[in-house]
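Okay, work-v1.txt now, which holds compact mmCIF, C-alpha atoms and all ligand atoms:
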# COMPACT_ATOMS: atom_id res chain seq x y z
CA MET K 73 0.00 0.00 0.00
CA CYS K 74 2.88 2.28 0.89
CA ASP K 75 4.41 1.39 -2.49
CA PHE K 76 1.16 2.17 -4.21
CA PHE K 77 1.21 5.76 -2.93
CA SER K 78 4.91 6.24 -3.70
CA ASP K 79 4.37 5.11 -7.30
CA TYR K 80 1.14 7.03 -7.57
CA LEU K 81 2.66 10.33 -6.45
CA LYS K 82 5.68 9.74 -8.63
CA ASN K 83 3.40 9.18 -11.65
CA LEU K 84 1.48 12.33 -10.79
CA LYS K 85 4.66 14.38 -10.67
CA GLU K 86 5.99 12.91 -13.89
CA LYS K 87 2.58 13.27 -15.53
CA ASP K 88 2.69 9.62 -16.57
CA PHE K 89 -1.07 9.43 -16.84
CA LYS K 90 -1.22 6.05 -18.52
CA LYS K 91 0.71 4.40 -15.68
CA LEU K 92 -1.34 6.34 -13.16
CA THR K 93 -4.60 5.06 -14.62
CA ASP K 94 -3.34 1.45 -14.82
CA ASP K 95 -2.04 1.51 -11.23
CA PHE K 96 -5.28 3.01 -9.96
CA MET K 97 -7.43 0.41 -11.72
CA SER K 98 -5.38 -2.63 -10.75
CA HIS K 99 -5.16 -1.50 -7.14
CA TYR K 100 -8.88 -0.79 -6.97
CA VAL K 101 -9.77 -4.22 -8.34
CA LYS K 102 -7.52 -5.87 -5.72
CA LEU K 103 -8.91 -3.75 -2.91
CA THR K 104 -12.53 -4.59 -3.69
CA ASP K 105 -12.38 -8.24 -4.68
CA LYS K 106 -14.47 -9.27 -1.62
CA THR K 107 -17.10 -6.53 -1.72
CA LYS K 108 -17.30 -5.20 -5.28
CA GLY K 109 -16.60 -1.73 -3.88
CA ILE K 110 -18.56 1.48 -3.43
CA ILE K 111 -17.78 2.96 -6.88
CA SER K 112 -20.35 2.27 -9.60
CA LEU K 113 -19.09 1.23 -13.04
CA GLU K 114 -20.16 4.56 -14.45
CA LYS K 115 -18.20 6.52 -11.80
CA LEU K 116 -15.21 4.24 -12.19
CA LYS K 117 -15.16 5.01 -15.88
CA ARG K 118 -15.37 8.72 -15.12
CA ILE K 119 -12.38 8.57 -12.75
CA LYS K 120 -10.39 6.47 -15.18
CA GLU K 121 -11.00 8.94 -18.00
CA ALA K 122 -10.14 11.93 -15.81
CA PHE K 123 -6.88 10.28 -14.72
CA SER K 124 -5.95 9.35 -18.26
CA VAL K 125 -6.05 13.01 -19.36
CA GLY K 126 -4.56 14.32 -16.11
CA ASN K 127 -7.73 16.12 -15.00
CA LEU K 128 -7.12 15.91 -11.25
CA GLN K 129 -9.90 18.29 -10.30
CA ALA K 130 -12.40 15.94 -11.97
CA VAL K 131 -10.87 13.01 -10.06
CA VAL K 132 -11.21 14.85 -6.77
CA ASP K 133 -14.81 15.85 -7.54
CA ALA K 134 -15.78 12.30 -8.52
CA ILE K 135 -14.24 10.77 -5.40
CA GLN K 136 -15.91 13.37 -3.19
CA GLU K 137 -19.29 12.58 -4.78
CA ILE K 138 -18.73 8.87 -4.16
CA LEU K 139 -17.79 9.38 -0.52
CA SER K 140 -20.75 11.69 0.14
CA ALA K 141 -23.23 9.39 -1.62
CA ALA K 142 -21.94 6.43 0.43
CA GLU K 143 -22.23 8.34 3.69
CA ASN K 144 -25.75 9.61 2.97
CA ALA K 145 -27.23 6.50 1.39
CA VAL K 146 -30.55 5.24 2.71
CA LEU K 147 -31.50 1.58 2.82
CA GLU K 148 -35.05 0.25 3.10
CA VAL K 149 -35.43 -3.50 3.44
CA ALA K 150 -38.76 -5.30 3.41
CA VAL K 151 -39.12 -8.55 5.32
CA ILE K 152 -42.26 -10.43 4.35
CA GLY K 153 -43.87 -13.83 4.56
CA GLU K 154 -46.66 -15.68 6.30
CA SER K 155 -47.48 -15.09 9.92
CA GLY K 156 -45.20 -16.83 12.40
CA THR K 157 -42.37 -17.63 9.97
CA GLY K 158 -39.85 -15.60 12.00
CA LYS K 159 -39.83 -12.21 10.26
CA SER K 160 -39.53 -10.14 13.42
CA SER K 161 -36.91 -12.51 14.80
CA PHE K 162 -34.93 -12.27 11.55
CA ILE K 163 -34.95 -8.46 11.67
CA ASN K 164 -33.60 -8.58 15.19
CA ALA K 165 -30.90 -11.03 14.14
CA LEU K 166 -29.85 -8.85 11.21
CA ARG K 167 -29.69 -5.81 13.50
CA GLY K 168 -27.66 -7.78 16.03
CA LEU K 169 -30.34 -7.42 18.72
CA GLY K 170 -31.50 -10.07 21.17
CA HIS K 171 -35.29 -10.57 21.16
CA GLU K 172 -35.64 -9.09 24.62
CA GLU K 173 -33.37 -6.11 24.07
CA GLU K 174 -34.64 -2.56 23.93
CA GLY K 175 -35.82 -1.61 20.43
CA ALA K 176 -36.16 -5.22 19.27
CA ALA K 177 -39.03 -6.15 16.96
CA LYS K 178 -41.62 -8.03 18.99
CA GLY K 179 -41.94 -11.72 18.17
CA GLY K 180 -44.16 -14.39 19.61
CA VAL K 181 -45.96 -17.67 19.34
CA VAL K 182 -49.21 -15.98 18.27
CA GLU K 183 -49.82 -13.61 15.35
CA THR K 184 -47.90 -10.55 16.54
CA THR K 185 -47.16 -8.02 13.79
CA MET K 186 -50.51 -6.59 12.73
CA LYS K 187 -49.36 -3.58 10.73
CA LYS K 188 -46.41 -2.49 8.61
CA THR K 189 -43.78 -1.43 11.17
CA PRO K 190 -40.49 0.34 10.44
CA TYR K 191 -37.48 -0.55 12.58
CA LYS K 192 -34.67 1.91 12.28
CA HIS K 193 -31.28 0.50 13.03
CA PRO K 194 -30.43 1.66 16.58
CA GLN K 195 -27.03 3.05 15.53
CA TYR K 196 -27.53 3.70 11.80
CA PRO K 197 -30.82 5.55 11.29
CA ASN K 198 -30.36 5.53 7.50
CA VAL K 199 -31.18 1.82 7.54
CA THR K 200 -34.81 0.80 8.03
CA PHE K 201 -36.21 -2.68 8.15
CA TRP K 202 -39.88 -2.97 7.46
CA ASP K 203 -41.54 -5.70 9.42
CA LEU K 204 -44.55 -6.50 7.31
CA PRO K 205 -47.59 -8.35 8.61
CA GLY K 206 -48.04 -11.93 7.47
CA VAL K 207 -49.51 -12.21 3.99
CA GLY K 208 -52.83 -14.00 4.05
CA THR K 209 -53.83 -12.63 7.46
CA ARG K 210 -57.31 -11.09 7.64
CA THR K 211 -56.06 -7.54 7.20
CA PHE K 212 -53.84 -8.29 4.17
CA ALA K 213 -55.27 -10.37 1.37
CA PRO K 214 -52.66 -12.00 -0.92
CA ASP K 215 -53.96 -10.31 -4.09
CA THR K 216 -53.45 -6.76 -2.89
CA TYR K 217 -50.64 -7.41 -0.44
CA LEU K 218 -47.73 -5.81 -2.32
CA GLU K 219 -49.68 -2.72 -3.29
CA ALA K 220 -50.96 -2.35 0.27
CA VAL K 221 -47.46 -2.39 1.76
CA GLY K 222 -46.09 0.06 -0.83
CA PHE K 223 -43.49 -2.19 -2.44
CA ALA K 224 -41.97 0.48 -4.72
CA THR K 225 -39.96 2.13 -1.95
CA PHE K 226 -37.97 -0.94 -0.87
CA ASP K 227 -34.41 -1.67 -1.96
CA PHE K 228 -35.01 -5.39 -1.78
CA PHE K 229 -37.25 -8.00 -0.25
CA ILE K 230 -36.57 -10.90 1.99
CA ILE K 231 -39.24 -13.57 1.85
CA ILE K 232 -39.25 -15.69 4.97
CA SER K 233 -40.70 -19.16 4.96
CA SER K 234 -40.42 -21.60 7.83
CA SER K 235 -41.84 -24.90 6.67
CA ARG K 236 -43.70 -26.01 3.57
CA PHE K 237 -43.57 -23.79 0.50
CA THR K 238 -47.04 -22.25 0.35
CA CYS K 239 -49.09 -20.66 -2.41
CA ASN K 240 -48.63 -17.34 -0.60
CA ASP K 241 -44.84 -17.73 -0.86
CA ALA K 242 -45.26 -18.44 -4.57
CA LEU K 243 -47.56 -15.47 -5.03
CA LEU K 244 -45.17 -13.10 -3.30
CA ALA K 245 -42.15 -14.33 -5.22
CA ARG K 246 -43.95 -13.97 -8.53
CA LYS K 247 -45.34 -10.52 -7.74
CA ILE K 248 -41.99 -9.16 -6.59
CA GLN K 249 -40.36 -10.51 -9.70
CA GLU K 250 -43.04 -8.95 -11.90
CA ALA K 251 -42.46 -5.63 -10.13
CA GLY K 252 -38.79 -5.84 -11.19
CA LYS K 253 -37.43 -6.01 -7.63
CA SER K 254 -35.02 -8.58 -6.26
CA PHE K 255 -35.70 -10.89 -3.38
CA TYR K 256 -33.89 -13.42 -1.25
CA PHE K 257 -35.72 -16.48 -0.13
CA VAL K 258 -34.91 -17.23 3.48
CA ARG K 259 -35.91 -20.56 4.93
CA SER K 260 -35.90 -19.94 8.69
CA LYS K 261 -35.98 -22.25 11.73
CA VAL K 262 -33.64 -24.86 10.25
CA ASP K 263 -32.39 -25.45 13.80
CA SER K 264 -35.86 -26.81 14.69
CA ASP K 265 -35.93 -28.94 11.55
CA LEU K 266 -32.61 -30.50 12.47
CA TYR K 267 -33.72 -31.07 16.05
CA ASN K 268 -37.02 -32.60 14.95
CA GLU K 269 -35.38 -34.89 12.39
CA GLN K 270 -32.76 -36.01 14.86
CA THR K 271 -35.42 -36.74 17.46
CA ALA K 272 -37.65 -38.59 15.02
CA LYS K 273 -34.92 -40.58 13.24
CA PRO K 274 -31.93 -40.84 15.58
CA LEU K 275 -30.42 -43.80 13.71
CA SER K 276 -30.44 -42.43 10.18
CA PHE K 277 -30.15 -38.68 10.93
CA GLN K 278 -27.54 -36.84 8.85
CA ARG K 279 -27.32 -33.09 9.34
CA GLU K 280 -26.02 -32.22 5.88
CA ARG K 281 -28.55 -34.43 4.14
CA VAL K 282 -31.48 -32.75 5.94
CA LEU K 283 -30.18 -29.29 5.02
CA GLN K 284 -29.69 -30.35 1.40
CA GLU K 285 -33.25 -31.70 1.26
CA ILE K 286 -34.65 -28.37 2.48
CA GLN K 287 -32.50 -26.47 -0.02
CA ASP K 288 -33.57 -28.73 -2.94
CA TYR K 289 -37.21 -28.47 -1.94
CA CYS K 290 -37.18 -24.65 -1.93
CA LEU K 291 -35.21 -24.53 -5.18
CA ALA K 292 -37.62 -26.89 -6.96
CA ASN K 293 -40.64 -24.87 -5.84
CA LEU K 294 -39.19 -21.51 -6.86
CA CYS K 295 -38.04 -22.88 -10.22
CA ASP K 296 -41.52 -24.34 -10.73
CA ILE K 297 -43.10 -20.91 -10.54
CA GLY K 298 -40.58 -19.53 -13.02
CA VAL K 299 -38.01 -17.75 -10.80
CA PRO K 300 -34.72 -17.96 -12.68
CA ASP K 301 -31.68 -18.59 -10.48
CA PRO K 302 -33.41 -18.12 -7.09
CA ARG K 303 -31.23 -17.18 -4.12
CA ILE K 304 -32.13 -19.44 -1.17
CA PHE K 305 -30.64 -19.22 2.30
CA LEU K 306 -31.22 -21.60 5.17
CA VAL K 307 -30.98 -19.79 8.50
CA SER K 308 -31.69 -20.01 12.18
CA ASN K 309 -32.50 -16.70 13.81
CA PHE K 310 -31.11 -18.11 17.05
CA HIS K 311 -27.76 -19.27 15.58
CA VAL K 312 -26.83 -16.45 13.26
CA HIS K 313 -23.18 -17.35 12.82
CA GLU K 314 -24.20 -20.72 11.42
CA PHE K 315 -25.91 -22.09 8.31
CA ASP K 316 -26.30 -19.56 5.45
CA PHE K 317 -26.61 -16.35 7.47
CA PRO K 318 -23.07 -15.08 6.68
CA ASP K 319 -23.53 -16.05 3.03
CA LEU K 320 -26.81 -14.14 2.88
CA GLN K 321 -25.11 -11.00 4.21
CA ARG K 322 -22.36 -11.23 1.60
CA THR K 323 -24.83 -11.79 -1.26
CA MET K 324 -27.03 -8.87 -0.21
CA LEU K 325 -23.97 -6.64 -0.06
CA GLU K 326 -22.71 -7.62 -3.50
CA GLU K 327 -26.07 -7.11 -5.15
CA LEU K 328 -26.79 -3.67 -3.71
CA PRO K 329 -26.12 -0.57 -5.80
CA ALA K 330 -22.50 0.47 -5.13
CA HIS K 331 -23.33 3.62 -3.14
CA LYS K 332 -25.49 1.63 -0.67
CA ARG K 333 -22.82 -0.93 0.22
CA HIS K 334 -21.15 1.27 2.81
CA VAL K 335 -24.33 1.88 4.84
CA PHE K 336 -25.25 -1.81 4.61
CA VAL K 337 -21.84 -2.89 5.87
CA LEU K 338 -21.89 -0.47 8.76
CA MET K 339 -25.08 -1.93 10.13
CA LEU K 340 -23.95 -5.56 9.76
CA PRO K 341 -23.42 -7.00 13.20
CA ALA K 342 -20.04 -8.71 13.62
CA LEU K 343 -21.64 -12.16 13.52
CA SER K 344 -18.92 -14.02 11.72
CA GLU K 345 -15.34 -13.60 10.56
CA ALA K 346 -16.83 -13.08 7.10
CA SER K 347 -18.95 -10.09 8.16
CA ILE K 348 -16.00 -8.57 10.04
CA GLU K 349 -13.87 -8.90 6.91
CA LEU K 350 -16.61 -7.30 4.76
CA LYS K 351 -16.71 -4.34 7.12
CA ARG K 352 -12.94 -4.05 7.13
CA SER K 353 -12.74 -4.17 3.32
CA ILE K 354 -15.32 -1.43 2.76
CA LEU K 355 -13.82 0.82 5.44
CA LYS K 356 -10.36 0.27 3.95
CA GLU K 357 -11.74 1.37 0.61
CA MET K 358 -13.17 4.55 2.18
CA ILE K 359 -9.79 5.34 3.81
CA TRP K 360 -7.95 4.70 0.56
CA LEU K 361 -10.31 6.88 -1.49
CA GLU K 362 -10.00 9.69 1.02
CA ALA K 363 -6.17 9.48 0.85
CA LEU K 364 -6.29 9.32 -2.93
CA LYS K 365 -8.45 12.43 -3.05
CA LEU K 366 -6.12 14.33 -0.72
CA SER K 367 -3.04 13.30 -2.66
CA ALA K 368 -4.65 14.51 -5.89
CA VAL K 369 -5.56 17.81 -4.20
CA ALA K 370 -1.87 18.29 -3.33
CA PHE K 371 -1.12 18.53 -7.05
CA ILE K 372 -3.84 21.01 -7.91
CA PRO K 373 -2.67 24.66 -7.78
CA LEU K 374 -4.25 26.32 -4.73
CA GLY K 375 -5.52 22.93 -3.53
CA SER K 376 -6.95 23.12 -0.04
CA ILE K 377 -4.76 22.83 3.06
CA PHE K 378 -5.12 19.48 4.84
CA LYS K 379 -6.50 19.22 8.32
CA SER K 380 -4.09 17.64 10.76
CA PHE K 381 -4.70 14.13 12.04
CA ASP K 382 -3.42 14.42 15.56
CA LEU K 383 -4.39 12.74 18.83
CA PRO K 384 -7.97 14.12 19.12
CA GLU K 385 -8.76 13.08 15.51
CA GLN K 386 -7.12 9.70 16.09
CA GLU K 387 -9.15 9.15 19.27
CA ALA K 388 -12.35 10.08 17.41
CA CYS K 389 -11.44 7.65 14.63
CA LEU K 390 -10.85 4.85 17.15
CA GLN K 391 -14.23 5.49 18.84
CA LEU K 392 -15.96 5.45 15.46
CA TYR K 393 -14.42 2.15 14.40
CA ARG K 394 -15.21 0.63 17.79
CA LYS K 395 -18.84 1.55 17.19
CA TYR K 396 -18.77 0.10 13.66
CA PHE K 397 -17.48 -3.23 14.96
CA GLY K 398 -19.70 -3.37 18.06
CA LEU K 399 -16.85 -2.72 20.50
CA ASP K 400 -18.08 0.59 21.92
CA ASP K 401 -18.71 0.81 25.68
CA GLU K 402 -22.44 0.23 25.34
CA SER K 403 -21.98 -2.90 23.21
CA ILE K 404 -19.31 -4.24 25.55
CA GLU K 405 -21.75 -3.95 28.45
CA VAL K 406 -24.32 -5.98 26.51
CA ILE K 407 -21.72 -8.64 25.65
CA ALA K 408 -20.56 -8.84 29.27
CA LYS K 409 -24.16 -9.41 30.39
CA LYS K 410 -24.66 -12.11 27.77
CA LEU K 411 -21.51 -13.91 28.84
CA HIS K 412 -22.24 -13.42 32.57
CA THR K 413 -18.94 -11.74 33.06
CA SER K 414 -17.63 -8.29 33.90
CA VAL K 415 -17.02 -5.40 31.51
CA GLN K 416 -13.42 -5.35 32.71
CA ASP K 417 -13.04 -8.98 31.77
CA ILE K 418 -14.22 -8.31 28.20
CA LYS K 419 -12.05 -5.22 27.91
CA GLY K 420 -9.08 -7.36 28.88
CA TYR K 421 -9.33 -9.10 25.49
CA LEU K 422 -9.29 -5.89 23.47
CA ARG K 423 -5.95 -4.64 22.22
CA CYS K 424 -7.47 -1.54 20.62
CA LEU K 425 -8.43 -0.14 24.03
CA ASP K 426 -4.78 0.51 24.80
CA SER K 427 -5.05 3.61 22.65
CA SER K 428 -1.72 5.09 23.74
CA ALA K 429 0.12 2.00 22.50
CA LEU K 430 -2.00 1.81 19.39
CA LEU K 431 -1.87 5.46 18.41
CA GLN K 432 1.66 6.27 19.37
CA ASP K 433 3.31 3.36 17.65
CA ALA K 434 6.58 4.95 16.58
CA SER K 435 7.27 2.46 13.82
CA LYS K 436 4.14 3.39 11.86
CA ALA K 437 4.64 7.12 12.25
CA ALA K 438 8.27 6.72 11.25
CA LYS K 439 7.18 4.74 8.21
CA ALA K 440 4.78 7.53 7.22
CA ILE K 441 7.46 10.17 7.61
CA TYR K 442 9.97 8.09 5.69
CA CYS K 443 7.46 7.52 2.95
CA ALA K 444 6.49 11.20 2.78
CA ALA K 445 10.13 12.23 2.63
CA LYS K 446 10.79 9.72 -0.13
CA ILE K 447 7.82 11.00 -2.11
CA CYS K 448 8.69 14.64 -1.60
CA ALA K 449 12.24 13.96 -2.74
CA VAL K 450 10.78 12.61 -5.96
CA THR K 451 7.93 15.05 -6.40
CA GLY K 452 9.30 18.21 -4.87
CA GLY K 453 5.72 18.65 -3.59
CA PRO K 454 4.85 20.33 -0.29
CA ILE K 455 6.14 18.03 2.42
CA SER K 456 3.57 19.06 5.01
CA SER K 457 0.64 18.17 2.74
CA THR K 458 1.94 14.75 1.82
CA MET K 459 2.86 14.14 5.45
CA TYR K 460 -0.65 14.89 6.62
CA PHE K 461 -2.53 12.61 4.33
CA LEU K 462 -0.04 9.76 4.64
CA LYS K 463 -0.04 9.97 8.40
CA ALA K 464 -3.85 9.97 8.43
CA TYR K 465 -3.92 7.09 6.00
CA PHE K 466 -1.49 4.90 7.95
CA ILE K 467 -2.96 5.57 11.36
CA ARG K 468 -6.54 5.05 10.21
CA SER K 469 -5.57 1.75 8.55
CA LYS K 470 -3.76 0.65 11.68
CA ILE K 471 -6.72 1.48 13.94
CA LEU K 472 -9.06 -0.31 11.56
CA ASP K 473 -6.94 -3.48 11.52
CA ALA K 474 -6.60 -3.51 15.31
CA VAL K 475 -10.34 -3.05 15.89
CA ALA K 476 -11.27 -5.68 13.29
CA GLN K 477 -8.83 -8.12 14.89
CA ASP K 478 -10.34 -7.48 18.32
CA ALA K 479 -13.83 -8.00 16.91
CA LYS K 480 -12.73 -11.46 15.73
CA VAL K 481 -11.24 -12.31 19.13
CA LEU K 482 -14.48 -11.31 20.84
CA LEU K 483 -16.57 -13.16 18.29
CA HIS K 484 -14.83 -16.41 19.20
CA LYS K 485 -15.47 -15.78 22.88
CA THR K 486 -19.19 -15.26 22.28
CA LEU K 487 -19.87 -18.05 19.78
CA ARG K 488 -22.22 -20.64 21.11
CA PRO K 489 -21.26 -24.25 20.40
CA PRO K 490 -22.69 -25.35 17.01
CA PHE K 491 -25.91 -27.30 16.88
N1 LIG L 501 -36.38 -22.48 16.42
C1 LIG L 501 -36.57 -21.32 15.85
N2 LIG L 501 -37.62 -20.55 16.21
C2 LIG L 501 -37.76 -19.35 15.61
C3 LIG L 501 -36.86 -18.88 14.62
N3 LIG L 501 -37.30 -17.66 14.22
C4 LIG L 501 -38.39 -17.38 14.94
N4 LIG L 501 -38.69 -18.39 15.78
C5 LIG L 501 -39.83 -18.44 16.70
O1 LIG L 501 -41.01 -18.47 15.90
C6 LIG L 501 -42.07 -17.73 16.52
C7 LIG L 501 -42.57 -16.63 15.55
O2 LIG L 501 -41.52 -15.71 15.32
P1 LIG L 501 -41.80 -14.19 14.91
O3 LIG L 501 -40.46 -13.60 14.67
O4 LIG L 501 -42.70 -13.55 15.88
O5 LIG L 501 -42.58 -14.44 13.55
P2 LIG L 501 -43.30 -13.35 12.59
O6 LIG L 501 -43.15 -13.86 11.21
O7 LIG L 501 -42.79 -12.01 12.87
O8 LIG L 501 -44.82 -13.50 13.05
P3 LIG L 501 -46.03 -12.43 12.81
O9 LIG L 501 -45.57 -11.13 13.38
O10 LIG L 501 -47.18 -12.99 13.56
O11 LIG L 501 -46.29 -12.36 11.36
C8 LIG L 501 -41.47 -17.16 17.79
O12 LIG L 501 -41.83 -18.02 18.86
C9 LIG L 501 -39.97 -17.21 17.56
O13 LIG L 501 -39.23 -17.34 18.75
C10 LIG L 501 -35.76 -19.72 14.25
O14 LIG L 501 -34.94 -19.43 13.37
N5 LIG L 501 -35.66 -20.92 14.91
MG MG L 502 -43.72 -10.24 13.44

Would you mind writing the file's structure down as structure tokens?
Amino acid sequence: MCDFFSDYLKNLKEKDFKKLTDDFMSHYVKLTDKTKGIISLEKLKRIKEAFSVGNLQAVVDAIQEILSAAENAVLEVAVIGESGTGKSSFINALRGLGHEEEGAAKGGVVETTMKKTPYKHPQYPNVTFWDLPGVGTRTFAPDTYLEAVGFATFDFFIIISSSRFTCNDALLARKIQEAGKSFYFVRSKVDSDLYNEQTAKPLSFQRERVLQEIQDYCLANLCDIGVPDPRIFLVSNFHVHEFDFPDLQRTMLEELPAHKRHVFVLMLPALSEASIELKRSILKEMIWLEALKLSAVAFIPLGSIFKSFDLPEQEACLQLYRKYFGLDDESIEVIAKKLHTSVQDIKGYLRCLDSSALLQDASKAAKAIYCAAKICAVTGGPISSTMYFLKAYFIRSKILDAVAQDAKVLLHKTLRPPF
């Protein structure tokens, strides 16, 4: 990464725009191979063209638009299906909330959700899950269901089914498809299915075979009603790190419009190593784009002066990343309660909390200074400007890696034994 910026600044100085464009593209592809990235194809083309003719102002403008769109994006997710299939429980699971926690969607053994209810994410108010009443209940007839819930406003649908594939499931899938929206078919409560099968047939029970049967059954039914290439995920709302839950998160992320991926990733609870890595990748991309923008500004006459990235900014950055990965003080309290242990005990596992060690690591700062000096020797550019953005870039990356690593450590402490 350090080499990328050295080469990049060198290319800028030498006005080698072809090399600049190639380096940018190949680095971007590598950086986003897990997430597809927050830059749409159209914007990527715009940046590439601006680089190739050396129009740095256009590059800066395009990156700024991308960062702002990502930060302000709004996500509206509809969760639908028959009554009792686990819609409210699924919303809680996706928001990382226990069913009895404050703000959780109410679930129950009797018909519970009687009207369309929005659940804003407790920490990310730009994300709303719509808990929709069961289709086929007295208040919502199947024929008019989608119109009644106002389907046009949703980014995507999640159809939840918990046992047999019903004609209401088929109707919903077909109607959503006709409306040109995408949906994911979630087969919930597979933990109960496994338990029931094991209890009923203890001698012949095979976990993988039961799961495969459920998968094949859903696939056959969706194909039968003409859904091409249906996306089916087997989940348990009580064991979210297992089955297809992590895979569902990754698929939803990849299929969102680029500018919505950032807001989606922020709200993902750190349920698995995979979701932690998705978060880390998108945040890395944001840090990289910010640094790229600042470095381009340094080469524009009268480009703006960079803000420093000193201890207060570093502390703020650490707090923000802790929140993103569910390691803020409030979340730690919840985890401690769940594990019947003390907050101090949990904090003992977290390396990122030793902020003085983390933020004042001399080797990283020295690396940034060395790198800036090397670049300035080549470019003759203003040393303070290059210093600022490189320092910010290195320290942010370091904080991000430390917090993501801690999130993984904590995840392994909280995982329940598999079914
Ligand atoms: N074993 C198991 N039970 C689940 C799962 N998801 C939900 N449940 C239970 O199923 C029942 C119904 O869950 P809800 O989340 O209230 O279902 P709903 O679809 O929101 O129901 P309505 O609001 O009535 O439409 C509750 O008793 C949940 O605890 C799951 O994945 N596994
Ligand atoms: Mg409900």

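As for atom CA of K:Val299 and atom CA of K:Asp241, they are spaced 12.1 Å apart.
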
Considering all atoms listed in the file, state which residue in the set K:Val282, K:Leu266, K:Val481, K:Thr486 is at the smallest distance from K:His412.
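Looking only at the distances to K:His412, the closest residue turns out to be K:Thr486.
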
What is the distance between atom CA of K:Ile304 and atom CA of K:Arg246, in Å to one decimal?
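Interatomic distance, atom CA of K:Ile304 to atom CA of K:Arg246: 15.0 Å.
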
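The spacing separating atom CA of K:Ser427 from atom CA of K:Arg468 amounts to 12.6 Å.
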
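Of the listed residues K:Gln321, K:Asn293, K:Ser124, K:Asn144, the one whose atoms come nearest to K:Ile230 is K:Gln321, with distances taken using all atoms listed in the file.
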
Compare K:Ala368, K:Leu243, K:Ile348, K:Ala408 by their minimum atom-to-atom distance to K:Val475, counting only C-alpha atoms, and give me the closest one.
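Checking each candidate against K:Val475, we get K:Ile348 as the closest.
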
Of K:Ser233, K:Ser344, K:Thr200, K:Ser140, the one nearest to ligand LIG 501 (chain L) when counting only C-alpha atoms and all ligand atoms is K:Ser233

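Of the residues under consideration (K:Tyr396, K:Tyr460, K:Phe310, K:Trp360), K:Phe310 shows the shortest atom-to-atom contact distance to K:His171 when counting all atoms listed in the file.
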
Skipping near chain neighbours, those fewer than 2 positions away, what residues fall within 8 Å of K:Ala479 using only C-alpha atoms, listed as a ChimeraX atom specification?
/K:342,348,397-399,475-477,481-483

Find the residue from K:Gln287, K:Ser414, K:Asn83, K:Ser234 that sits nearest to K:Gly126; use only C-alpha atoms when measuring.
K:Asn83

Go ahead and find all residues with at least one atom no further than 12 Å from (-29.2, -23.8, 19.4) in the file's coordinates, using only C-alpha atoms; report them as a PyMOL selection string.
chain K and resi 261-267+307-315+487-491

Which protein, DNA or RNA residues have an atom at most 12 Å from (-11.3, 5.6, 3.6), counting all atoms listed in the file? List them as a VMD selection string.
chain K and resid 103 109 to 110 135 to 136 138 to 140 142 to 143 334 351 to 366 389 393 461 464 to 469 472

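With only C-alpha atoms taken into account, the protein and nucleic acid residues at most 12 Å from K:Thr238 (excluding it and anything under 2 positions from it in its own chain) are Gly153, Glu154, Ser155, Thr157, Val207, Gly208, Pro214, Ile231, Ile232, Ser233, Ser234, Ser235, Arg236, Asn240, Asp241, Ala242, Leu243, Leu244, Ala245, Tyr289, Cys290, Asn293, Leu294 and Ile297 of chain K.
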
Take stretch 406-425 of chain K from the preceding structure and save C-alpha atoms as a PDB file, in the first residue's frame.
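out-v5.pdb, freshly written:
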ATOM      1  CA  VAL K 406     -24.320  -5.979  26.510  1.00  0.00           C
ATOM      2  CA  ILE K 407     -21.720  -8.637  25.648  1.00  0.00           C
ATOM      3  CA  ALA K 408     -20.561  -8.842  29.267  1.00  0.00           C
ATOM      4  CA  LYS K 409     -24.159  -9.407  30.393  1.00  0.00           C
ATOM      5  CA  LYS K 410     -24.662 -12.114  27.771  1.00  0.00           C
ATOM      6  CA  LEU K 411     -21.505 -13.914  28.839  1.00  0.00           C
ATOM      7  CA  HIS K 412     -22.244 -13.421  32.568  1.00  0.00           C
ATOM      8  CA  THR K 413     -18.939 -11.741  33.061  1.00  0.00           C
ATOM      9  CA  SER K 414     -17.630  -8.286  33.905  1.00  0.00           C
ATOM     10  CA  VAL K 415     -17.024  -5.401  31.505  1.00  0.00           C
ATOM     11  CA  GLN K 416     -13.422  -5.346  32.712  1.00  0.00           C
ATOM     12  CA  ASP K 417     -13.035  -8.981  31.765  1.00  0.00           C
ATOM     13  CA  ILE K 418     -14.219  -8.306  28.200  1.00  0.00           C
ATOM     14  CA  LYS K 419     -12.048  -5.225  27.912  1.00  0.00           C
ATOM     15  CA  GLY K 420      -9.082  -7.356  28.882  1.00  0.00           C
ATOM     16  CA  TYR K 421      -9.328  -9.098  25.488  1.00  0.00           C
ATOM     17  CA  LEU K 422      -9.288  -5.887  23.467  1.00  0.00           C
ATOM     18  CA  ARG K 423      -5.950  -4.643  22.217  1.00  0.00           C
ATOM     19  CA  CYS K 424      -7.469  -1.537  20.623  1.00  0.00           C
ATOM     20  CA  LEU K 425      -8.426  -0.136  24.028  1.00  0.00           C
TER      21      LEU K 425
END
